[in-house]
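**Q** Quick one, my_file_39.txt (compact mmCIF, C-alpha atoms):
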```
# COMPACT_ATOMS: atom_id res chain seq x y z
CA MET Q 183 -83.11 60.02 16.56
CA ASN Q 184 -80.94 59.91 19.64
CA VAL Q 185 -82.54 61.22 22.84
CA SER Q 186 -81.23 60.60 26.31
CA ARG Q 187 -83.55 59.16 28.90
CA ARG Q 188 -83.42 62.42 30.92
CA GLU Q 189 -84.25 64.49 27.85
CA PHE Q 190 -87.13 62.16 26.90
CA THR Q 191 -88.68 62.39 30.38
CA ARG Q 192 -88.31 66.18 30.42
CA ILE Q 193 -89.99 66.65 27.03
CA GLY Q 194 -92.68 64.11 27.86
CA CYS Q 195 -93.56 65.84 31.12
CA ARG Q 196 -93.75 69.24 29.42
CA ILE Q 197 -96.09 67.94 26.74
CA ILE Q 198 -98.40 66.29 29.29
CA ILE Q 199 -98.54 69.33 31.60
CA GLY Q 200 -99.02 71.70 28.66
CA ALA Q 201 -101.83 69.63 27.22
CA ALA Q 202 -103.60 69.33 30.59
CA ALA Q 203 -103.32 73.06 31.29
CA GLY Q 204 -104.47 73.92 27.78
CA THR Q 205 -107.54 71.70 28.04
CA ALA Q 206 -108.43 73.12 31.44
CA VAL Q 207 -108.13 76.72 30.22
CA VAL Q 208 -110.16 76.08 27.06
CA GLU Q 209 -112.80 74.18 29.00
CA SER Q 210 -113.16 76.84 31.68
CA ILE Q 211 -113.48 79.58 29.04
CA VAL Q 212 -116.05 77.61 27.04
CA THR Q 213 -118.23 76.52 29.97
CA ASN Q 214 -118.08 79.80 31.91
CA SER Q 215 -118.94 81.93 28.93
CA ALA Q 216 -121.89 79.66 28.09
CA ALA Q 217 -123.22 79.89 31.65
CA LYS Q 218 -122.79 83.68 31.74
CA GLU Q 219 -123.81 84.66 28.23
CA ASN Q 220 -126.32 81.97 27.39
CA PRO Q 221 -128.10 81.03 30.63
CA PRO Q 222 -131.00 78.54 30.62
CA LYS Q 223 -134.10 80.15 29.11
CA GLY Q 224 -137.43 80.79 30.78
CA GLY Q 225 -137.78 84.30 32.23
CA TYR Q 226 -135.23 83.86 34.99
CA ASP Q 227 -131.56 84.83 34.76
CA TRP Q 228 -129.33 82.91 37.14
CA ASN Q 229 -126.58 85.52 36.80
CA GLU Q 230 -128.72 88.05 38.67
CA HIS Q 231 -129.07 86.03 41.87
CA PHE Q 232 -126.93 84.35 44.47
CA TRP Q 233 -129.15 82.71 47.04
CA GLY Q 234 -128.53 82.41 50.76
CA TYR Q 235 -130.39 80.95 53.73
CA LEU Q 236 -130.47 81.90 57.37
CA VAL Q 237 -131.69 80.04 60.46
CA ASP Q 238 -132.38 81.83 63.73
CA THR Q 239 -132.22 78.98 66.26
CA ARG Q 240 -133.38 81.32 69.03
CA LYS Q 241 -136.80 81.61 67.39
CA CYS Q 242 -137.42 77.96 66.46
CA ILE Q 243 -140.27 76.34 68.43
CA GLY Q 244 -139.79 72.84 66.99
CA CYS Q 245 -143.28 72.52 65.51
CA GLY Q 246 -141.93 70.69 62.47
CA ARG Q 247 -144.20 72.49 59.99
CA CYS Q 248 -141.15 73.17 57.81
CA ALA Q 249 -140.28 69.47 57.47
CA ASN Q 250 -143.94 68.68 56.83
CA ALA Q 251 -144.34 71.34 54.13
CA CYS Q 252 -141.07 70.25 52.52
CA LYS Q 253 -142.21 66.66 52.17
CA LEU Q 254 -145.54 67.73 50.64
CA GLU Q 255 -143.95 70.24 48.28
CA ASN Q 256 -141.20 68.01 46.98
CA GLU Q 257 -142.80 64.57 46.97
CA VAL Q 258 -140.34 63.21 49.49
CA PRO Q 259 -141.58 59.68 50.47
CA PHE Q 260 -143.86 60.68 53.33
CA ASP Q 261 -143.77 57.50 55.40
CA GLU Q 262 -140.05 56.85 55.11
CA PRO Q 263 -137.55 58.32 57.59
CA VAL Q 264 -135.91 60.53 54.97
CA TYR Q 265 -135.95 64.33 55.02
CA ARG Q 266 -134.75 67.25 52.95
CA THR Q 267 -135.04 69.40 56.04
CA TRP Q 268 -135.63 68.47 59.65
CA VAL Q 269 -135.40 69.91 63.16
CA GLU Q 270 -133.06 68.54 65.82
CA ARG Q 271 -133.60 68.92 69.53
CA TYR Q 272 -130.52 69.43 71.67
CA ARG Q 273 -130.86 68.81 75.39
CA ILE Q 274 -127.94 69.40 77.67
CA ILE Q 275 -128.31 67.41 80.87
CA LYS Q 276 -127.10 68.59 84.27
CA LYS Q 277 -124.21 66.50 85.49
CA GLU Q 278 -121.54 67.24 88.05
CA ARG Q 279 -118.71 69.09 86.30
CA GLU Q 280 -119.47 67.55 82.92
CA GLU Q 281 -122.33 67.73 80.44
CA GLU Q 282 -124.27 65.12 78.60
CA VAL Q 283 -125.84 66.13 75.31
CA ILE Q 284 -128.90 64.32 73.99
CA ILE Q 285 -129.75 64.99 70.35
CA ASP Q 286 -132.89 63.64 68.75
CA SER Q 287 -135.27 64.30 65.88
CA PRO Q 288 -138.20 61.86 66.01
CA ASN Q 289 -139.68 61.55 62.49
CA GLY Q 290 -137.67 64.60 61.45
CA SER Q 291 -139.82 66.69 63.88
CA ILE Q 292 -142.96 66.28 61.72
CA ASP Q 293 -145.00 64.81 64.61
CA GLY Q 294 -143.58 67.33 67.07
CA PHE Q 295 -141.50 66.67 70.17
CA VAL Q 296 -142.51 65.16 73.50
CA ASP Q 297 -140.71 66.05 76.71
CA ASP Q 298 -139.51 62.70 78.05
CA ILE Q 299 -136.88 64.08 80.43
CA PRO Q 300 -138.01 65.99 83.55
CA ASP Q 301 -137.36 69.74 83.32
CA GLU Q 302 -135.29 69.67 86.51
CA GLU Q 303 -132.62 67.52 84.87
CA ILE Q 304 -132.23 69.74 81.82
CA LYS Q 305 -129.63 72.46 81.95
CA LYS Q 306 -130.65 73.95 78.64
CA ALA Q 307 -132.54 72.84 75.58
CA PHE Q 308 -133.10 74.25 72.11
CA TYR Q 309 -134.10 73.31 68.57
CA VAL Q 310 -131.82 73.47 65.55
CA PRO Q 311 -133.35 73.28 62.06
CA LYS Q 312 -131.12 71.49 59.58
CA ILE Q 313 -131.08 71.66 55.79
CA CYS Q 314 -128.65 71.26 52.90
CA ASN Q 315 -126.01 73.97 53.30
CA HIS Q 316 -125.57 74.48 49.55
CA CYS Q 317 -121.82 74.76 50.16
CA GLU Q 318 -119.74 76.93 47.89
CA ASN Q 319 -117.24 74.08 47.97
CA PRO Q 320 -119.55 71.04 48.04
CA PRO Q 321 -117.98 67.62 48.74
CA CYS Q 322 -121.04 65.87 47.27
CA VAL Q 323 -120.48 67.46 43.87
CA GLN Q 324 -116.80 66.60 44.01
CA VAL Q 325 -117.40 62.89 44.58
CA CYS Q 326 -120.17 62.29 42.02
CA PRO Q 327 -118.67 59.98 39.40
CA VAL Q 328 -121.09 60.86 36.59
CA GLY Q 329 -121.71 64.61 36.94
CA ALA Q 330 -125.25 64.11 38.19
CA THR Q 331 -124.99 66.75 40.89
CA TYR Q 332 -123.75 70.27 40.36
CA THR Q 333 -123.81 73.88 41.54
CA THR Q 334 -125.84 76.34 39.48
CA GLU Q 335 -124.62 79.88 38.77
CA ASP Q 336 -127.04 81.22 41.39
CA GLY Q 337 -125.43 79.04 44.06
CA VAL Q 338 -127.82 76.12 44.42
CA VAL Q 339 -126.62 72.50 44.53
CA LEU Q 340 -128.98 70.35 42.44
CA VAL Q 341 -129.35 66.71 41.46
CA ASP Q 342 -129.90 65.50 37.90
CA TYR Q 343 -132.52 62.82 38.52
CA ASP Q 344 -132.21 61.39 35.01
CA TYR Q 345 -128.47 61.06 35.14
CA CYS Q 346 -127.91 59.87 38.73
CA ILE Q 347 -126.92 56.21 38.85
CA GLY Q 348 -127.80 55.84 42.54
CA CYS Q 349 -124.32 54.92 43.78
CA ARG Q 350 -124.89 56.95 47.00
CA TYR Q 351 -121.33 58.19 47.17
CA CYS Q 352 -122.66 61.75 47.59
CA ILE Q 353 -124.75 60.64 50.57
CA GLN Q 354 -121.54 59.38 52.19
CA GLY Q 355 -119.65 62.49 51.11
CA CYS Q 356 -121.97 65.04 52.69
CA PRO Q 357 -120.63 65.94 56.15
CA TYR Q 358 -124.03 67.34 57.18
CA GLY Q 359 -126.13 64.25 56.42
CA ALA Q 360 -128.32 66.39 54.20
CA ARG Q 361 -128.68 63.84 51.39
CA TYR Q 362 -130.79 60.71 51.32
CA PHE Q 363 -131.66 57.95 48.89
CA ASN Q 364 -135.08 58.39 47.30
CA THR Q 365 -136.45 54.88 46.84
CA GLU Q 366 -139.26 56.13 44.57
CA LYS Q 367 -136.91 57.87 42.16
CA GLY Q 368 -134.04 55.42 42.61
CA THR Q 369 -131.62 58.32 42.92
CA ALA Q 370 -129.91 60.42 45.53
CA ASP Q 371 -132.06 63.36 46.59
CA LYS Q 372 -131.62 66.51 48.61
CA CYS Q 373 -132.92 69.98 49.35
CA THR Q 374 -132.97 72.24 46.29
CA TRP Q 375 -134.06 75.36 48.23
CA CYS Q 376 -137.22 74.65 46.23
CA TYR Q 377 -135.51 75.65 42.99
CA HIS Q 378 -138.85 75.33 41.17
CA ARG Q 379 -140.27 77.97 43.53
CA ILE Q 380 -137.41 80.46 43.94
CA THR Q 381 -136.97 80.73 40.17
CA LYS Q 382 -140.63 81.81 40.01
CA GLY Q 383 -140.20 84.44 42.72
CA LEU Q 384 -141.69 82.33 45.52
CA LEU Q 385 -140.10 81.40 48.84
CA PRO Q 386 -138.96 77.84 49.65
CA ALA Q 387 -141.82 75.84 51.18
CA CYS Q 388 -140.09 75.52 54.59
CA VAL Q 389 -139.51 79.28 54.84
CA GLN Q 390 -143.12 79.99 53.93
CA ALA Q 391 -144.40 77.40 56.42
CA CYS Q 392 -142.34 78.60 59.40
CA PRO Q 393 -144.76 80.36 61.79
CA VAL Q 394 -142.08 82.20 63.78
CA GLY Q 395 -139.70 83.46 61.10
CA ALA Q 396 -136.85 81.22 62.22
CA ARG Q 397 -136.04 80.47 58.58
CA VAL Q 398 -135.08 83.31 56.26
CA PHE Q 399 -134.29 83.09 52.57
CA GLY Q 400 -133.04 85.69 50.13
CA ASP Q 401 -130.63 86.95 47.53
CA LEU Q 402 -127.11 87.61 48.83
CA ASN Q 403 -126.56 89.95 45.85
CA ASP Q 404 -129.37 92.21 47.01
CA PRO Q 405 -128.33 94.36 50.01
CA GLU Q 406 -132.00 94.85 50.93
CA SER Q 407 -132.87 91.13 50.93
CA ALA Q 408 -134.28 89.46 54.05
CA VAL Q 409 -131.08 87.44 54.55
CA ASN Q 410 -128.71 90.38 54.19
CA LYS Q 411 -130.75 92.45 56.65
CA VAL Q 412 -130.06 89.85 59.35
CA LEU Q 413 -126.49 89.12 58.24
CA ASP Q 414 -125.73 92.84 58.61
CA ILE Q 415 -126.64 93.07 62.29
CA GLU Q 416 -126.42 89.59 63.84
CA ARG Q 417 -123.47 87.42 64.85
CA ILE Q 418 -123.36 84.59 62.39
CA ASN Q 419 -121.92 81.10 62.34
CA VAL Q 420 -122.08 78.16 59.98
CA LEU Q 421 -122.00 74.42 60.66
CA LYS Q 422 -118.56 72.76 60.69
CA PRO Q 423 -116.65 75.79 59.37
CA ASP Q 424 -113.37 73.89 59.87
CA LEU Q 425 -114.20 71.60 56.92
CA GLY Q 426 -113.83 74.46 54.45
CA THR Q 427 -117.07 73.62 52.67
CA LYS Q 428 -118.20 77.28 52.90
CA PRO Q 429 -121.89 76.70 53.71
CA LYS Q 430 -124.46 79.26 52.57
CA VAL Q 431 -126.86 78.38 55.39
CA TYR Q 432 -126.05 80.86 58.16
CA TYR Q 433 -127.01 80.33 61.79
CA VAL Q 434 -127.84 82.80 64.52
CA GLY Q 435 -127.54 81.63 68.13
CA LEU Q 436 -125.63 78.45 67.42
CA ASP Q 437 -124.46 76.51 70.48
CA ARG Q 438 -121.01 74.98 70.58
CA GLU Q 439 -122.59 71.52 70.90
CA VAL Q 440 -124.28 71.81 67.50
CA ARG Q 441 -122.50 69.96 64.75
CA MET V 300 -92.66 52.80 8.09
CA GLN V 301 -92.35 49.29 9.40
CA PRO V 302 -95.52 47.20 8.88
CA HIS V 303 -95.94 46.30 12.55
CA LEU V 304 -95.92 50.00 13.47
CA LYS V 305 -98.47 50.69 10.74
CA ARG V 306 -100.77 48.02 12.11
CA ALA V 307 -100.43 49.34 15.65
CA LEU V 308 -101.21 52.90 14.50
CA MET V 309 -104.24 51.65 12.55
CA LEU V 310 -105.56 49.88 15.65
CA LEU V 311 -104.99 53.02 17.73
CA ALA V 312 -106.83 55.17 15.18
CA ILE V 313 -109.78 52.76 15.10
CA ALA V 314 -109.89 52.71 18.90
CA ILE V 315 -109.90 56.53 19.09
CA ILE V 316 -112.56 56.94 16.40
CA GLY V 317 -114.64 54.21 18.04
CA PHE V 318 -114.35 55.94 21.43
CA ILE V 319 -115.41 59.30 20.00
CA ALA V 320 -118.34 57.72 18.13
CA VAL V 321 -119.64 55.79 21.15
CA ARG V 322 -119.13 58.80 23.42
CA SER V 323 -121.13 61.11 21.15
CA LEU V 324 -123.96 58.58 21.17
CA ILE V 325 -124.02 58.06 24.94
CA VAL V 326 -123.32 61.54 26.33
CA PRO V 327 -126.45 63.78 26.26
CA ASP V 328 -126.31 66.84 24.00
CA SER V 329 -126.53 69.37 26.80
CA PHE V 330 -123.80 67.76 28.91
CA GLY V 331 -121.00 70.28 29.47
CA GLN V 332 -123.15 73.20 28.34
CA TYR V 333 -122.56 75.12 31.59
CA GLY V 334 -120.20 72.81 33.45
CA TRP V 335 -119.60 69.15 34.07
CA TYR V 336 -123.29 68.29 34.15
CA ARG V 337 -126.31 67.99 31.87
CA GLY V 338 -127.52 71.52 31.14
CA ASP V 339 -131.13 70.45 30.54
CA SER V 340 -131.30 69.25 34.13
CA VAL V 341 -131.45 72.88 35.34
CA ILE V 342 -134.71 73.43 33.42
CA GLU V 343 -136.08 70.09 34.65
CA ASN V 344 -135.39 71.11 38.24
CA ARG V 345 -137.19 74.41 37.62
CA ASN V 346 -140.25 72.72 36.17
CA PHE V 347 -141.27 70.61 39.16
CA PRO V 348 -144.86 71.43 40.16
CA VAL V 349 -145.48 74.08 42.83
CA GLU V 350 -147.68 72.72 45.64
CA HIS V 351 -147.90 75.60 48.13
CA ALA V 352 -149.62 78.65 46.63
CA GLY V 353 -148.96 81.11 49.48
CA SER V 354 -151.46 83.03 51.62
CA ASN V 355 -151.82 85.94 49.19
CA SER V 356 -153.53 83.73 46.65
CA CYS V 357 -156.19 82.86 49.27
CA GLY V 358 -157.15 86.52 49.74
CA GLU V 359 -157.14 87.35 46.04
CA GLU V 360 -160.27 87.64 43.89
CA ASN V 361 -162.64 87.71 46.87
CA CYS V 362 -162.37 83.95 47.38
CA HIS V 363 -161.61 84.00 51.10
CA LYS V 364 -161.40 87.76 51.58
CA THR V 365 -163.28 87.92 54.91
CA ILE V 366 -161.26 85.31 56.72
CA TYR V 367 -158.08 86.62 55.08
CA THR V 368 -158.72 90.10 56.47
CA ILE V 369 -159.39 88.76 59.98
CA TRP V 370 -156.30 86.53 59.87
CA SER V 371 -153.95 89.18 58.47
CA GLY V 372 -154.73 91.47 61.40
CA SER V 373 -154.34 88.78 64.05
CA GLY V 374 -151.54 87.34 66.15
CA HIS V 375 -151.45 84.38 63.81
CA LYS V 376 -150.62 86.45 60.73
CA ALA V 377 -147.15 84.90 60.59
CA VAL V 378 -148.73 81.45 60.29
CA ASN V 379 -149.31 80.84 56.60
CA CYS V 380 -152.75 79.57 55.54
CA GLU V 381 -151.24 76.39 54.15
CA THR V 382 -149.29 75.65 57.33
CA CYS V 383 -152.59 74.38 58.79
CA HIS V 384 -154.78 73.95 55.70
CA GLY V 385 -152.29 72.02 53.60
CA PRO V 386 -150.76 72.65 50.16
CA SER V 387 -153.39 74.30 47.95
CA GLU V 388 -151.88 75.24 44.59
CA LYS V 389 -154.11 72.66 42.90
CA HIS V 390 -157.14 74.16 44.65
CA VAL V 391 -156.16 77.67 43.51
CA ASN V 392 -156.03 76.50 39.90
CA ASN V 393 -159.20 74.41 40.16
CA ILE V 394 -161.61 75.11 43.02
CA ARG V 395 -163.17 71.67 42.64
CA ILE V 396 -159.99 70.10 43.98
CA MET V 397 -160.25 70.59 47.74
CA PRO V 398 -157.29 70.41 50.10
CA PRO V 399 -157.86 68.08 53.09
CA PRO V 400 -159.67 69.77 56.00
CA ALA V 401 -157.43 71.51 58.54
CA ASP V 402 -156.50 69.43 61.59
CA ASP V 403 -158.29 71.15 64.50
CA SER V 404 -157.27 68.64 67.18
CA LYS V 405 -155.70 69.81 70.41
CA GLU V 406 -152.54 67.92 69.47
CA TYR V 407 -152.16 69.90 66.24
CA CYS V 408 -152.36 73.24 68.08
CA GLY V 409 -149.99 71.68 70.60
CA LEU V 410 -147.30 71.21 67.96
CA CYS V 411 -146.65 74.91 68.53
CA HIS V 412 -148.32 75.68 71.86
CA PHE V 413 -147.77 72.78 74.28
CA LYS V 414 -145.24 73.54 76.99
CA ARG V 415 -141.83 72.24 75.89
CA ALA V 416 -138.48 72.72 77.56
CA ALA V 417 -136.67 73.54 74.32
CA ARG V 418 -139.10 76.29 73.23
CA PRO V 419 -138.20 79.96 73.63
CA GLU V 420 -139.62 81.02 76.99
CA LYS V 421 -141.58 84.00 75.69
CA PHE V 422 -143.46 81.92 73.14
CA PRO V 423 -147.08 81.36 74.29
CA GLN V 424 -147.36 77.82 75.65
CA ILE V 425 -149.90 75.91 77.73
CA ASP V 426 -149.70 72.79 79.84
CA PRO V 427 -152.25 70.41 78.24
CA GLU V 428 -152.69 68.66 81.62
CA THR V 429 -154.03 71.73 83.36
CA HIS V 430 -155.39 73.89 80.53
CA GLY V 431 -158.58 73.38 78.54
CA GLN V 432 -159.58 69.96 79.87
CA ASN V 433 -160.42 67.70 76.93
CA LEU V 434 -161.93 70.43 74.79
CA LYS V 435 -160.64 71.34 71.37
CA CYS V 436 -158.69 74.59 71.47
CA ALA V 437 -161.05 76.09 68.88
CA TYR V 438 -163.89 75.72 71.42
CA CYS V 439 -162.58 78.87 73.11
CA HIS V 440 -159.92 80.25 70.78
CA ASN V 441 -160.47 81.37 67.21
CA PRO V 442 -157.46 79.98 65.32
CA HIS V 443 -157.74 82.82 62.78
CA LYS V 444 -157.72 85.44 65.53
CA PRO V 445 -156.33 84.01 68.75
CA TRP V 446 -156.32 85.94 72.03
CA PHE V 447 -153.47 87.09 74.21
CA ILE V 448 -150.96 87.62 71.43
```
Is it possible to express this structure as structure tokens?

**A**
Amino acid sequence: MNVSRREFTRIGCRIIIGAAAGTAVVESIVTNSAAKENPPKGGYDWNEHFWGYLVDTRKCIGCGRCANACKLENEVPFDEPVYRTWVERYRIIKKEREEEVIIDSPNGSIDGFVDDIPDEEIKKAFYVPKICNHCENPPCVQVCPVGATYTTEDGVVLVDYDYCIGCRYCIQGCPYGARYFNTEKGTADKCTWCYHRITKGLLPACVQACPVGARVFGDLNDPESAVNKVLDIERINVLKPDLGTKPKVYYVGLDREVR
Amino acid sequence: MQPHLKRALMLLAIAIIGFIAVRSLIVPDSFGQYGWYRGDSVIENRNFPVEHAGSNSCGEENCHKTIYTIWSGSGHKAVNCETCHGPSEKHVNNIRIMPPPADDSKEYCGLCHFKRAARPEKFPQIDPETHGQNLKCAYCHNPHKPWFI
């Protein structure tokens, strides 16, 4: 056999590209059809839902009942400074010509907030509840080396607590700081939108606990859902839209200082 | 075929078969069922225990019907029972398991109602220095049917 170097490289490249493309196509067909046609059993079809979350920062009173309920619902280590959801306080201080922004969240807001700056010095102040954004394009899922975190068909980013090796790369990868290391489980952990509740027709614990309706949860597929009713009329923003993560936690009344 | 090539191919074949064998032992059965993750994990995530039962289950079956009726017509109707009384799914399933008593301290009411700069202005707030002295809020206000709202 007499093949020139150029010819060899050309054929080699074609074979490699062809094989890679073929595998990808076959894999996508196999996995997608399984997820669509043979969803996990148990009286809930994940093809019928696509969940979304909405936060109205104008309503939040910073009572921290959401963060408290979340910890109790999901067995988040109660005395450690780790949170699946928390409330941040933004205070913009009066300065000549420029502004100083003070952001804090003592114990994730669970013990409430204390005013330690005189009212006269504050230009404006507000609370911003934070939670996993369940991005459509999640960096945390991309960086997991073992496939222990994934997006379900109904749009929820979950952790496989048996398969996670605890490398914490996902915690570094999340631009919203929504993940933490659970020392009791020895794995990464995060908000699941209370997947064990929403698949039974209940609301996430934080949404149920909120006394002012600042947190709204619902099915984006359903035009009559609580989330869509607000999305239809309000002006919406998401956190860090420039990152292209496509968050599914929508914010009403977001200040430009909120990141 | 030359013997050294044969040997190399044999080694390669053994390596590939060995890899496939070890992989099939290590990788869980449901891995790749829906995507690049363990399919069984979805069910495991669904099966975590529910802790908060929701206010409706308090009013059902005449358990706490009276207080439920008062509360659901009051200004506090948006405040879920378990927001103050604690997660109660275990209590709903077995009435012998009692949730911890509700915190009725002034500080607990203050989590929502103490004057704070960052709160929406229209939200009812009091200054704990000038309002109510050292009394518990519930001394004057019924938490299930508060005034002025």

**Q** From the set Q:Gly234, Q:Gly355, Q:Gly194, Q:Pro393, which residue has the shortest atom-to-atom contact distance to Lys376 of chain V, counting only C-alpha atoms?

**A** Q:Pro393

**Q** Counting all atoms listed in the file, which residues from chain Q have an atom at most 7 Å from any atom of chain V, and could you show them as a ChimeraX atom specification?

**A** /Q:213-214,216-217,222,240-241,243,245,247,255,294,297,301,307-309,329-330,332,342,377-379,381,387,390-391,393-394

**Q** Counting all atoms listed in the file, which residues have an atom no more than 6 Å from (-129.9, 83.4, 49.1) in the file's coordinates? Please list them as a list in words.

**A**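 Those residues, ordered by chain and then number, are Phe232, Trp233, Gly234, Tyr235, Phe399, Gly400, Asp401 and Leu402 of chain Q.
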
**Q** Quick one: residues within 6 Å of (-156.0, 68.7, 74.2) (file frame), counting all atoms listed in the file, please, as number ranges by chain.

**A** V: 405-406, 427, 433

**Q** Have a look at Q:Lys428, Q:Arg417, Q:Thr333, Q:Arg279 and name the one nearest to Asn319 of chain Q; count only C-alpha atoms.

**A** Q:Lys428

**Q** Take atom CA of Val207 of chain Q and atom CA of Gln324 of chain Q and report the distance between them in Å, one decimal.

**A**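 For atom CA of Val207 of chain Q relative to atom CA of Gln324 of chain Q, the distance reads 19.2 Å.
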
**Q** Restricting the calculation to only C-alpha atoms, which member of Q:Asp261, Q:Asp286, Q:Asp336, Q:Glu303 is positioned closest to Asn403 of chain Q?

**A**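 Looking only at the distances to Asn403 of chain Q, the closest residue turns out to be Q:Asp336.
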
**Q** Calculate how many Å separate atom CA of Ile292 of chain Q from atom CA of Ile313 of chain Q, rounding to one decimal.

**A**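 Distance between the two atoms: 14.3 Å.
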
**Q** Expressed in Å to a single decimal, how great is the separation between atom CA of Lys312 of chain Q and atom CA of Pro442 of chain V?

**A**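 Spanning atom CA of Lys312 of chain Q to atom CA of Pro442 of chain V is a straight-line distance of 28.3 Å.
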
**Q** Please provide as number ranges by chain all residues within 9 Å of Tyr367 of chain V, with the sequence filter that same-chain residues fewer than 5 positions apart are discarded (counting all atoms listed in the file).

**A** V: 354-355, 357-358, 372, 380, 443

**Q** Please write N, CA and C atoms of segment 262-280 of chain Q, from the structure given just now, as a JSON list (two decimals), in the first residue's frame.

**A**
```json
[["chain", "number", "residue", "atom", "x", "y", "z"],
["Q", 262, "GLU", "N", -24.74, 25.31, 60.17],
["Q", 262, "GLU", "CA", -23.61, 25.70, 59.33],
["Q", 262, "GLU", "C", -24.03, 26.84, 58.41],
["Q", 263, "PRO", "N", -23.09, 27.71, 58.04],
["Q", 263, "PRO", "CA", -23.46, 28.84, 57.17],
["Q", 263, "PRO", "C", -23.59, 28.43, 55.71],
["Q", 264, "VAL", "N", -24.45, 27.45, 55.44],
["Q", 264, "VAL", "CA", -24.70, 27.03, 54.06],
["Q", 264, "VAL", "C", -26.20, 27.09, 53.80],
["Q", 265, "TYR", "N", -26.59, 27.50, 52.59],
["Q", 265, "TYR", "CA", -27.99, 27.76, 52.30],
["Q", 265, "TYR", "C", -28.33, 27.34, 50.88],
["Q", 266, "ARG", "N", -29.52, 26.75, 50.73],
["Q", 266, "ARG", "CA", -30.02, 26.52, 49.38],
["Q", 266, "ARG", "C", -30.70, 27.78, 48.85],
["Q", 267, "THR", "N", -31.29, 28.53, 49.76],
["Q", 267, "THR", "CA", -31.83, 29.84, 49.40],
["Q", 267, "THR", "C", -31.56, 30.78, 50.56],
["Q", 268, "TRP", "N", -31.41, 32.06, 50.24],
["Q", 268, "TRP", "CA", -31.11, 33.03, 51.26],
["Q", 268, "TRP", "C", -31.58, 34.39, 50.76],
["Q", 269, "VAL", "N", -31.58, 35.38, 51.66],
["Q", 269, "VAL", "CA", -32.01, 36.73, 51.28],
["Q", 269, "VAL", "C", -30.85, 37.69, 51.52],
["Q", 270, "GLU", "N", -30.55, 38.49, 50.52],
["Q", 270, "GLU", "CA", -29.49, 39.49, 50.65],
["Q", 270, "GLU", "C", -30.11, 40.86, 50.87],
["Q", 271, "ARG", "N", -29.42, 41.66, 51.68],
["Q", 271, "ARG", "CA", -29.86, 43.04, 51.87],
["Q", 271, "ARG", "C", -28.88, 43.95, 51.14],
["Q", 272, "TYR", "N", -29.42, 44.80, 50.30],
["Q", 272, "TYR", "CA", -28.61, 45.79, 49.59],
["Q", 272, "TYR", "C", -28.90, 47.15, 50.18],
["Q", 273, "ARG", "N", -27.84, 47.84, 50.61],
["Q", 273, "ARG", "CA", -28.02, 49.19, 51.12],
["Q", 273, "ARG", "C", -27.10, 50.11, 50.36],
["Q", 274, "ILE", "N", -27.69, 51.11, 49.74],
["Q", 274, "ILE", "CA", -26.91, 52.06, 48.97],
["Q", 274, "ILE", "C", -26.76, 53.33, 49.80],
["Q", 275, "ILE", "N", -25.50, 53.66, 50.10],
["Q", 275, "ILE", "CA", -25.19, 54.72, 51.05],
["Q", 275, "ILE", "C", -24.99, 56.03, 50.31],
["Q", 276, "LYS", "N", -25.52, 57.10, 50.92],
["Q", 276, "LYS", "CA", -25.38, 58.44, 50.33],
["Q", 276, "LYS", "C", -23.93, 58.88, 50.40],
["Q", 277, "LYS", "N", -23.39, 59.23, 49.27],
["Q", 277, "LYS", "CA", -22.05, 59.79, 49.20],
["Q", 277, "LYS", "C", -22.11, 60.91, 48.18],
["Q", 278, "GLU", "N", -21.17, 61.84, 48.27],
["Q", 278, "GLU", "CA", -21.18, 62.90, 47.27],
["Q", 278, "GLU", "C", -20.78, 62.34, 45.91],
["Q", 279, "ARG", "N", -21.66, 62.48, 44.96],
["Q", 279, "ARG", "CA", -21.45, 62.10, 43.56],
["Q", 279, "ARG", "C", -21.34, 60.60, 43.34],
["Q", 280, "GLU", "N", -20.84, 59.85, 44.30],
["Q", 280, "GLU", "CA", -20.72, 58.41, 44.06],
["Q", 280, "GLU", "C", -21.55, 57.64, 45.09]]
```
